[in-house]
file model_11.txt (compact mmCIF, C-alpha atoms and all ligand atoms)
# COMPACT_ATOMS: atom_id res chain seq x y z
CA MET A 159 20.82 13.62 -9.51
CA VAL A 160 20.30 14.43 -5.80
CA GLU A 161 20.68 12.45 -2.59
CA PHE A 162 18.22 12.50 0.27
CA GLY A 163 17.86 10.43 3.36
CA GLU A 164 15.84 9.49 6.40
CA VAL A 165 17.45 9.19 9.80
CA ALA A 166 16.34 5.93 11.44
CA THR A 167 18.27 6.58 14.63
CA ASP A 168 21.30 8.60 15.64
CA GLY A 169 24.14 7.50 13.32
CA PHE A 170 22.02 5.35 11.00
CA TRP A 171 20.20 6.65 8.01
CA TYR A 172 18.74 5.48 4.71
CA ARG A 173 20.17 7.17 1.62
CA TYR A 174 18.41 7.42 -1.73
CA GLU A 175 19.56 8.76 -5.08
CA GLY A 176 17.16 10.30 -7.54
CA GLU A 177 15.62 13.41 -9.06
CA HIS A 178 13.83 15.98 -6.93
CA LEU A 179 10.44 16.37 -8.63
CA HIS A 180 8.51 18.57 -6.23
CA SER A 181 9.04 20.57 -3.05
CA GLU A 182 6.45 22.57 -1.17
CA ARG A 183 5.80 23.93 2.31
CA THR A 184 2.15 23.82 3.34
CA ALA A 185 0.49 25.06 6.52
CA TYR A 186 1.04 21.57 7.95
CA GLN A 187 4.33 20.23 6.66
CA GLN A 188 7.15 20.11 4.14
CA ILE A 189 6.21 17.90 1.17
CA ASP A 190 8.81 16.44 -1.19
CA VAL A 191 8.51 14.03 -4.08
CA TYR A 192 11.51 12.28 -5.61
CA GLU A 193 12.01 9.93 -8.53
CA THR A 194 14.43 7.42 -7.05
CA LYS A 195 16.66 4.89 -8.77
CA SER A 196 15.58 2.10 -6.46
CA PHE A 197 11.92 2.56 -5.43
CA GLY A 198 10.32 4.65 -8.14
CA ARG A 199 8.54 7.80 -7.02
CA VAL A 200 8.63 8.55 -3.33
CA LEU A 201 6.60 10.82 -1.04
CA VAL A 202 8.46 12.41 1.88
CA LEU A 203 6.74 14.48 4.59
CA ASP A 204 8.90 16.54 6.93
CA GLY A 205 11.92 14.44 5.95
CA LEU A 206 10.17 11.12 6.71
CA LEU A 207 9.50 8.72 3.87
CA GLN A 208 5.81 7.82 3.61
CA THR A 209 5.20 5.96 0.38
CA THR A 210 7.11 4.55 -2.54
CA GLU A 211 5.66 3.25 -5.78
CA GLU A 212 7.62 0.02 -5.46
CA ASP A 213 6.82 -1.15 -1.95
CA GLU A 214 3.55 0.63 -1.03
CA PHE A 215 1.71 -2.67 -1.41
CA CYS A 216 3.64 -4.20 1.50
CA TYR A 217 2.33 -1.50 3.85
CA HIS A 218 -1.15 -0.80 2.49
CA GLU A 219 -2.18 -4.44 2.12
CA MET A 220 -1.35 -5.24 5.72
CA LEU A 221 -2.84 -2.03 7.10
CA VAL A 222 -6.07 -2.44 5.15
CA HIS A 223 -6.79 -6.09 4.36
CA VAL A 224 -6.14 -7.45 7.84
CA PRO A 225 -8.95 -5.40 9.46
CA MET A 226 -11.17 -5.57 6.38
CA LEU A 227 -10.96 -9.37 6.28
CA ALA A 228 -11.23 -9.66 10.05
CA HIS A 229 -14.67 -8.03 9.70
CA PRO A 230 -17.53 -10.19 8.34
CA ALA A 231 -19.02 -7.45 6.15
CA PRO A 232 -17.46 -3.97 6.34
CA ARG A 233 -19.91 -1.52 4.76
CA ARG A 234 -18.88 1.87 6.17
CA VAL A 235 -15.15 2.53 6.34
CA LEU A 236 -13.31 5.60 7.55
CA ILE A 237 -9.65 6.28 6.78
CA ILE A 238 -7.88 8.94 8.79
CA GLY A 239 -4.84 10.33 6.94
CA GLY A 240 -3.66 8.22 4.02
CA GLY A 241 -3.35 11.23 1.70
CA ASP A 242 -1.63 9.24 -1.04
CA GLY A 243 -4.86 7.28 -1.54
CA GLY A 244 -3.25 3.85 -1.24
CA SER A 245 -5.38 2.80 1.72
CA LEU A 246 -8.52 4.06 -0.01
CA ARG A 247 -7.70 2.03 -3.13
CA HIS A 248 -7.28 -1.13 -1.09
CA VAL A 249 -10.45 -0.51 0.95
CA LEU A 250 -12.46 -0.14 -2.25
CA MET A 251 -11.33 -3.57 -3.44
CA HIS A 252 -13.88 -4.95 -0.96
CA PRO A 253 -17.29 -5.06 -2.66
CA THR A 254 -19.00 -5.06 0.76
CA VAL A 255 -18.02 -1.38 1.12
CA GLU A 256 -20.89 1.01 0.44
CA ARG A 257 -19.19 4.14 1.69
CA ALA A 258 -15.50 4.87 2.25
CA VAL A 259 -14.58 8.25 3.67
CA MET A 260 -10.98 9.39 3.66
CA CYS A 261 -10.29 12.28 6.02
CA GLU A 262 -6.93 13.95 5.34
CA ILE A 263 -5.87 17.18 6.98
CA ASP A 264 -3.61 18.46 4.17
CA LYS A 265 -5.31 18.73 0.79
CA ARG A 266 -1.95 19.39 -0.90
CA VAL A 267 -0.77 15.87 0.01
CA VAL A 268 -3.73 14.45 -1.91
CA GLU A 269 -3.25 16.79 -4.87
CA ILE A 270 0.51 16.22 -5.07
CA CYS A 271 0.14 12.44 -4.82
CA ARG A 272 -2.54 12.42 -7.50
CA THR A 273 -0.15 14.35 -9.76
CA TRP A 274 3.15 12.63 -9.01
CA LEU A 275 2.25 9.18 -7.65
CA PRO A 276 -1.03 8.41 -9.46
CA SER A 277 -0.54 4.65 -9.37
CA VAL A 278 -0.83 4.59 -5.58
CA SER A 279 -4.47 5.72 -5.58
CA GLY A 280 -5.39 4.49 -9.06
CA SER A 281 -9.00 5.53 -9.68
CA ALA A 282 -9.95 5.43 -5.98
CA PHE A 283 -10.67 9.15 -5.60
CA ASP A 284 -13.14 9.01 -8.52
CA ALA A 285 -15.09 6.06 -7.16
CA PRO A 286 -18.75 6.86 -6.38
CA ARG A 287 -18.40 4.96 -3.09
CA ALA A 288 -15.50 7.18 -1.99
CA GLU A 289 -15.67 10.56 -0.30
CA LEU A 290 -12.67 12.77 0.37
CA VAL A 291 -12.95 15.07 3.37
CA ILE A 292 -10.24 17.63 4.02
CA ALA A 293 -10.35 18.10 7.76
CA ASP A 294 -8.76 17.27 11.08
CA GLY A 295 -9.37 13.55 11.58
CA ILE A 296 -9.75 13.81 15.34
CA ARG A 297 -12.46 16.45 15.01
CA TYR A 298 -14.11 14.55 12.16
CA VAL A 299 -14.48 11.40 14.27
CA ALA A 300 -15.67 13.34 17.31
CA GLU A 301 -18.36 15.13 15.28
CA SER A 302 -19.34 12.11 13.17
CA THR A 303 -22.92 10.92 13.54
CA GLU A 304 -22.10 7.64 11.79
CA GLN A 305 -21.19 4.24 13.18
CA TRP A 306 -18.18 2.89 11.29
CA ASP A 307 -17.46 -0.78 10.63
CA VAL A 308 -13.75 -0.23 10.12
CA VAL A 309 -11.64 2.80 11.00
CA ILE A 310 -8.10 2.81 9.59
CA VAL A 311 -5.53 5.31 10.83
CA ASP A 312 -2.92 5.73 8.09
CA SER A 313 -0.90 8.39 9.84
CA SER A 314 2.65 9.60 9.76
CA ASP A 315 4.91 9.14 12.79
CA PRO A 316 3.74 10.33 16.23
CA ILE A 317 5.61 13.62 16.00
CA GLY A 318 4.12 17.11 16.26
CA PRO A 319 0.35 17.52 15.84
CA GLY A 320 -0.01 13.90 14.61
CA VAL A 321 0.80 12.64 18.08
CA ASP A 322 -2.83 13.04 19.14
CA LEU A 323 -3.76 10.21 16.76
CA PHE A 324 -1.85 7.87 19.10
CA ARG A 325 -3.43 9.11 22.33
CA ALA A 326 -6.18 7.65 24.50
CA PRO A 327 -8.84 10.39 23.94
CA PHE A 328 -8.78 9.78 20.18
CA TYR A 329 -9.10 6.01 20.62
CA ARG A 330 -12.01 6.57 23.04
CA SER A 331 -13.71 8.74 20.46
CA VAL A 332 -13.22 6.09 17.75
CA ALA A 333 -14.63 3.39 20.07
CA GLU A 334 -17.77 5.51 20.52
CA HIS A 335 -18.21 5.71 16.75
CA LEU A 336 -17.79 2.04 15.85
CA SER A 337 -20.60 -0.37 15.04
CA GLU A 338 -21.00 -3.48 17.20
CA ALA A 339 -18.44 -5.61 15.34
CA GLY A 340 -16.43 -2.51 14.41
CA LEU A 341 -12.65 -2.51 14.25
CA LEU A 342 -9.95 0.13 14.55
CA CYS A 343 -6.61 -0.50 12.86
CA VAL A 344 -3.58 1.81 13.10
CA GLN A 345 -0.04 1.92 11.84
CA ALA A 346 1.94 1.48 15.05
CA CYS A 347 5.53 2.38 14.11
CA SER A 348 8.86 0.54 14.01
CA PRO A 349 9.21 -1.91 16.90
CA PHE A 350 12.98 -1.63 16.71
CA PHE A 351 13.35 2.13 16.46
CA GLN A 352 10.11 3.35 18.09
CA PRO A 353 9.44 0.87 20.91
CA ILE A 354 8.10 3.49 23.29
CA GLU A 355 5.66 4.77 20.69
CA LEU A 356 4.44 1.23 19.98
CA HIS A 357 4.07 0.37 23.66
CA THR A 358 2.23 3.58 24.45
CA ALA A 359 -0.13 3.48 21.50
CA VAL A 360 -1.20 -0.06 22.39
CA ARG A 361 -1.57 0.78 26.07
CA ASN A 362 -3.73 3.76 25.10
CA MET A 363 -5.91 1.59 22.85
CA LYS A 364 -6.44 -0.90 25.67
CA GLU A 365 -8.18 1.81 27.69
CA SER A 366 -11.08 1.76 25.21
CA PHE A 367 -11.10 -1.71 23.62
CA PRO A 368 -11.38 -5.17 25.22
CA ASP A 369 -9.36 -6.86 22.47
CA VAL A 370 -6.18 -5.18 21.14
CA ARG A 371 -3.63 -7.13 19.10
CA VAL A 372 -0.40 -6.22 17.39
CA TYR A 373 0.73 -7.73 14.14
CA LEU A 374 3.79 -7.25 11.95
CA GLY A 375 4.74 -6.87 8.34
CA CYS A 376 7.82 -5.92 6.35
CA VAL A 377 8.12 -2.63 4.48
CA PRO A 378 11.57 -2.38 2.87
CA THR A 379 11.77 1.43 2.92
CA TYR A 380 10.49 1.94 6.47
CA PRO A 381 13.17 2.19 9.18
CA GLY A 382 14.01 -1.29 10.38
CA THR A 383 11.82 -2.88 7.68
CA LEU A 384 9.78 -4.68 10.34
CA TRP A 385 6.59 -2.65 10.83
CA ALA A 386 3.91 -2.86 13.52
CA TYR A 387 0.15 -2.46 13.18
CA ALA A 388 -2.40 -2.59 15.99
CA ILE A 389 -6.01 -3.68 15.64
CA ALA A 390 -8.70 -3.18 18.27
CA GLY A 391 -12.34 -4.07 18.78
CA GLN A 392 -14.66 -6.21 20.88
CA ARG A 393 -13.07 -9.36 19.45
CA ILE A 394 -10.48 -9.75 16.70
CA GLU A 395 -10.87 -12.56 14.15
CA VAL A 396 -7.42 -13.81 13.13
CA ASP A 397 -8.49 -17.15 11.70
CA ALA A 398 -6.72 -17.83 8.38
CA GLU A 399 -9.53 -19.96 6.95
CA ALA A 400 -12.22 -17.38 7.64
CA ALA A 401 -10.03 -14.67 6.12
CA ALA A 402 -9.29 -16.86 3.09
CA ALA A 403 -13.00 -17.50 2.51
CA ARG A 404 -13.80 -13.79 2.76
CA ALA A 405 -10.94 -12.84 0.44
CA ARG A 406 -12.19 -15.41 -2.11
CA GLU A 407 -15.82 -14.25 -1.87
CA ARG A 408 -14.78 -10.61 -2.25
CA GLY A 409 -12.30 -11.31 -5.09
CA ILE A 410 -9.40 -9.70 -3.24
CA GLU A 411 -6.11 -10.05 -5.10
CA THR A 412 -2.95 -9.27 -3.22
CA ARG A 413 0.82 -9.23 -3.63
CA TYR A 414 1.80 -9.31 0.07
CA TRP A 415 -1.18 -10.49 2.16
CA THR A 416 -1.99 -14.20 2.22
CA PRO A 417 -4.50 -16.07 4.40
CA GLU A 418 -1.61 -17.73 6.21
CA LEU A 419 -0.01 -14.34 6.91
CA HIS A 420 -3.33 -13.07 8.21
CA SER A 421 -2.84 -15.18 11.31
CA ALA A 422 0.96 -15.63 11.22
CA ALA A 423 1.52 -11.87 11.35
CA PHE A 424 0.16 -11.92 14.92
CA VAL A 425 2.99 -14.22 16.07
CA LEU A 426 5.43 -11.81 17.69
CA PRO A 427 9.19 -12.01 18.27
CA ARG A 428 10.15 -12.03 21.94
CA PHE A 429 11.49 -8.46 21.87
CA VAL A 430 8.16 -7.19 20.54
CA GLN A 431 6.32 -9.11 23.27
CA ALA A 432 8.65 -7.42 25.79
CA ILE A 433 7.88 -3.99 24.29
CA LEU A 434 4.17 -4.61 24.73
CA GLU A 435 4.59 -5.97 28.26
CA GLY A 436 6.80 -3.02 29.25
CA THR A 437 9.75 -5.28 30.11
CA TYR A 438 11.90 -4.30 27.12
CA PRO A 439 15.43 -3.74 28.51
CA ARG A 440 15.75 -0.32 26.89
CA PHE A 441 12.69 0.82 28.87
CA LEU A 442 14.54 0.02 32.09
CA SER A 443 17.89 1.55 31.12
CA GLU A 444 16.67 4.75 29.44
CA PRO A 445 14.28 7.40 30.67
CA PHE A 446 10.90 5.93 29.80
CA VAL A 447 8.38 8.56 28.79
CA PRO A 448 5.24 6.60 27.96
CA ASP A 449 2.93 9.59 27.66
CA LEU A 450 2.64 10.04 23.91
N1 LIG B 501 7.67 6.27 9.17
C1 LIG B 501 6.62 6.41 8.22
C2 LIG B 501 5.35 5.76 8.61
C3 LIG B 501 4.32 6.15 7.64
C4 LIG B 501 3.05 5.45 7.76
N2 LIG B 501 2.03 6.01 6.91
C5 LIG B 501 2.38 6.29 5.59
C6 LIG B 501 1.24 6.68 4.75
C7 LIG B 501 1.15 5.85 3.54
N3 LIG B 501 -0.16 5.81 3.02

call {"tool": "encode", "arguments": {"input": "model_11.txt", "output": "structure tokens", "more": "lines below"}}
Ligand code: SPD
result
Amino acid sequence: MVEFGEVATDGFWYRYEGEHLHSERTAYQQIDVYETKSFGRVLVLDGLLQTTEEDEFCYHEMLVHVPMLAHPAPRRVLIIGGGDGGSLRHVLMHPTVERAVMCEIDKRVVEICRTWLPSVSGSAFDAPRAELVIADGIRYVAESTEQWDVVIVDSSDPIGPGVDLFRAPFYRSVAEHLSEAGLLCVQACSPFFQPIELHTAVRNMKESFPDVRVYLGCVPTYPGTLWAYAIAGQRIEVDAEAAAARARERGIETRYWTPELHSAAFVLPRFVQAILEGTYPRFLSEPFVPDL
């Protein structure tokens, strides 16, 4: 039995008990897989928990089904990151999808997750509609000749090289590669522990998209539990009835997402509104470095 943990903030960390199943250093990161007592198998990248077998549905359903059901008929979908395959599996639940490309920079994340956390991706990687590309997502988008209906950024935290996925030039590049009703959806960090990152990512998105909205979900193993997502496009459809009708037509079955949540998730607590407006008290009392 081993213990491992994730630091949420100075003096506060999450502690897990389990077996250490795999450890590997790749050119990009340290990859660890544990079998935990509480959340089943867990993927950890550079000491930051990414996915657990038990609660992955909370995260993937909100990251994927909100944009997919906000779009009337997503046919071409691009996922940046998402090496565990959970986002790809959820995207493929939509029968409107003709082509789903998942672009992950580290092929070992995919291979390790397929070996140790196979339930997260299910059969997604074998689906004829799916294509796995091992490449830098920023370069892939920039060089893409396709127009995407939905682009989902299933990234790790904005630390190290991954920070560019939260910056304005990347969002501009995505905007140039979206179809007319196209949508971008990103994981936008912990409002409580990463307010600057959330504020800055949204501000950067607003440079390239007329409509940018933030919505929230709960992921038990992510720091703070409350998790933010940001969706951007020409106009975002958050109507519960429209989403319910689309989910019914497409036969989408979920454990977290509901039509009511589809619109309720966009109702934000006052402190999250303040983060987005830049009036959050911590921004005024601490050095504010908005340039992610
Ligand atoms: N703090 C961790 C945030 C991780 C978000 N992405 C995880 C990838 C799961 N598919």

call {"tool": "residues_near_ligand", "arguments": {"input": "model_11.txt", "ligand": "ligand LIG 501 (chain B)", "cutoff": "9 Å", "atoms": "all atoms listed in the file", "output": "ChimeraX atom specification"}}
result
/A:166,201-203,206-210,214,217-218,239-245,278,311-315,345-348,379-381,385

call {"tool": "residues_around", "arguments": {"input": "model_11.txt", "residues": "range 170-181 of chain A", "least_positions_apart": "6", "cutoff": "9 Å", "atoms": "all atoms listed in the file", "output": "JSON, numbers by chain"}}
result
{"A": [159, 160, 161, 162, 163, 164, 188, 189, 190, 191, 192, 193, 194, 195, 196, 197, 198, 199, 270, 274, 379, 381]}

call {"tool": "write_last_selection", "arguments": {"input": "model_11.txt", "atoms": "C-alpha atoms", "output": "PDB file, in the coordinates of the input"}}
result
ATOM      1  CA  MET A 159      20.820  13.620  -9.510  1.00  0.00           C
ATOM      2  CA  VAL A 160      20.300  14.430  -5.800  1.00  0.00           C
ATOM      3  CA  GLU A 161      20.680  12.450  -2.590  1.00  0.00           C
ATOM      4  CA  PHE A 162      18.220  12.500   0.270  1.00  0.00           C
ATOM      5  CA  GLY A 163      17.860  10.430   3.360  1.00  0.00           C
ATOM      6  CA  GLU A 164      15.840   9.490   6.400  1.00  0.00           C
ATOM      7  CA  GLN A 188       7.150  20.110   4.140  1.00  0.00           C
ATOM      8  CA  ILE A 189       6.210  17.900   1.170  1.00  0.00           C
ATOM      9  CA  ASP A 190       8.810  16.440  -1.190  1.00  0.00           C
ATOM     10  CA  VAL A 191       8.510  14.030  -4.080  1.00  0.00           C
ATOM     11  CA  TYR A 192      11.510  12.280  -5.610  1.00  0.00           C
ATOM     12  CA  GLU A 193      12.010   9.930  -8.530  1.00  0.00           C
ATOM     13  CA  THR A 194      14.430   7.420  -7.050  1.00  0.00           C
ATOM     14  CA  LYS A 195      16.660   4.890  -8.770  1.00  0.00           C
ATOM     15  CA  SER A 196      15.580   2.100  -6.460  1.00  0.00           C
ATOM     16  CA  PHE A 197      11.920   2.560  -5.430  1.00  0.00           C
ATOM     17  CA  GLY A 198      10.320   4.650  -8.140  1.00  0.00           C
ATOM     18  CA  ARG A 199       8.540   7.800  -7.020  1.00  0.00           C
ATOM     19  CA  ILE A 270       0.510  16.220  -5.070  1.00  0.00           C
ATOM     20  CA  TRP A 274       3.150  12.630  -9.010  1.00  0.00           C
ATOM     21  CA  THR A 379      11.770   1.430   2.920  1.00  0.00           C
ATOM     22  CA  PRO A 381      13.170   2.190   9.180  1.00  0.00           C
TER      23      PRO A 381
END

call {"tool": "atom_distance", "arguments": {"input": "model_11.txt", "atom1": "CA of Arg247 in chain A", "atom2": "CA of Phe283 in chain A"}}
result
8.1 Å

call {"tool": "closest_residue", "arguments": {"input": "model_11.txt", "among": "A:Ala231, A:Ile317, A:Val291, A:Leu221", "to": "Val259 in chain A", "atoms": "all atoms listed in the file"}}
result
A:Val291

call {"tool": "residues_near_point", "arguments": {"input": "model_11.txt", "point": "(0.6, -3.7, -3.8)", "cutoff": "7 Å", "atoms": "only C-alpha atoms", "output": "number ranges by chain"}}
result
A: 213-216, 219, 412-414

call {"tool": "closest_residue", "arguments": {"input": "model_11.txt", "among": "A:Ala288, A:Ala432, A:Gly382, A:Val224", "to": "Leu341 in chain A", "atoms": "all atoms listed in the file"}}
result
A:Val224

call {"tool": "build_atoms", "arguments": {"input": "model_11.txt", "residues": "range 295-307 of chain A", "atoms": "N, CA and C atoms", "output": "short mmCIF file (atom, residue, chain, number, x, y, z; two decimals), in the frame of the given file"}}
result
data_model
loop_
_atom_site.label_atom_id
_atom_site.label_comp_id
_atom_site.auth_asym_id
_atom_site.auth_seq_id
_atom_site.Cartn_x
_atom_site.Cartn_y
_atom_site.Cartn_z
N GLY A 295 -8.75 14.85 11.36
CA GLY A 295 -9.37 13.55 11.58
C GLY A 295 -9.94 13.38 12.98
N ILE A 296 -9.27 13.97 13.95
CA ILE A 296 -9.75 13.81 15.34
C ILE A 296 -11.10 14.51 15.49
N ARG A 297 -11.18 15.71 14.94
CA ARG A 297 -12.46 16.45 15.01
C ARG A 297 -13.53 15.74 14.18
N TYR A 298 -13.12 15.21 13.02
CA TYR A 298 -14.11 14.55 12.16
C TYR A 298 -14.76 13.36 12.88
N VAL A 299 -13.94 12.56 13.54
CA VAL A 299 -14.48 11.40 14.27
C VAL A 299 -15.39 11.89 15.39
N ALA A 300 -14.91 12.86 16.15
CA ALA A 300 -15.67 13.34 17.31
C ALA A 300 -17.04 13.87 16.89
N GLU A 301 -17.10 14.52 15.72
CA GLU A 301 -18.36 15.13 15.28
C GLU A 301 -19.18 14.22 14.38
N SER A 302 -18.64 13.03 14.08
CA SER A 302 -19.34 12.11 13.17
C SER A 302 -20.62 11.57 13.82
N THR A 303 -21.67 11.50 13.02
CA THR A 303 -22.92 10.92 13.54
C THR A 303 -23.07 9.49 13.04
N GLU A 304 -22.02 8.98 12.38
CA GLU A 304 -22.10 7.64 11.79
C GLU A 304 -21.46 6.61 12.71
N GLN A 305 -21.83 5.36 12.50
CA GLN A 305 -21.19 4.24 13.18
C GLN A 305 -20.37 3.52 12.11
N TRP A 306 -19.07 3.44 12.31
CA TRP A 306 -18.18 2.89 11.29
C TRP A 306 -17.92 1.42 11.56
N ASP A 307 -17.80 0.64 10.48
CA ASP A 307 -17.46 -0.78 10.63
C ASP A 307 -15.95 -0.97 10.77
#
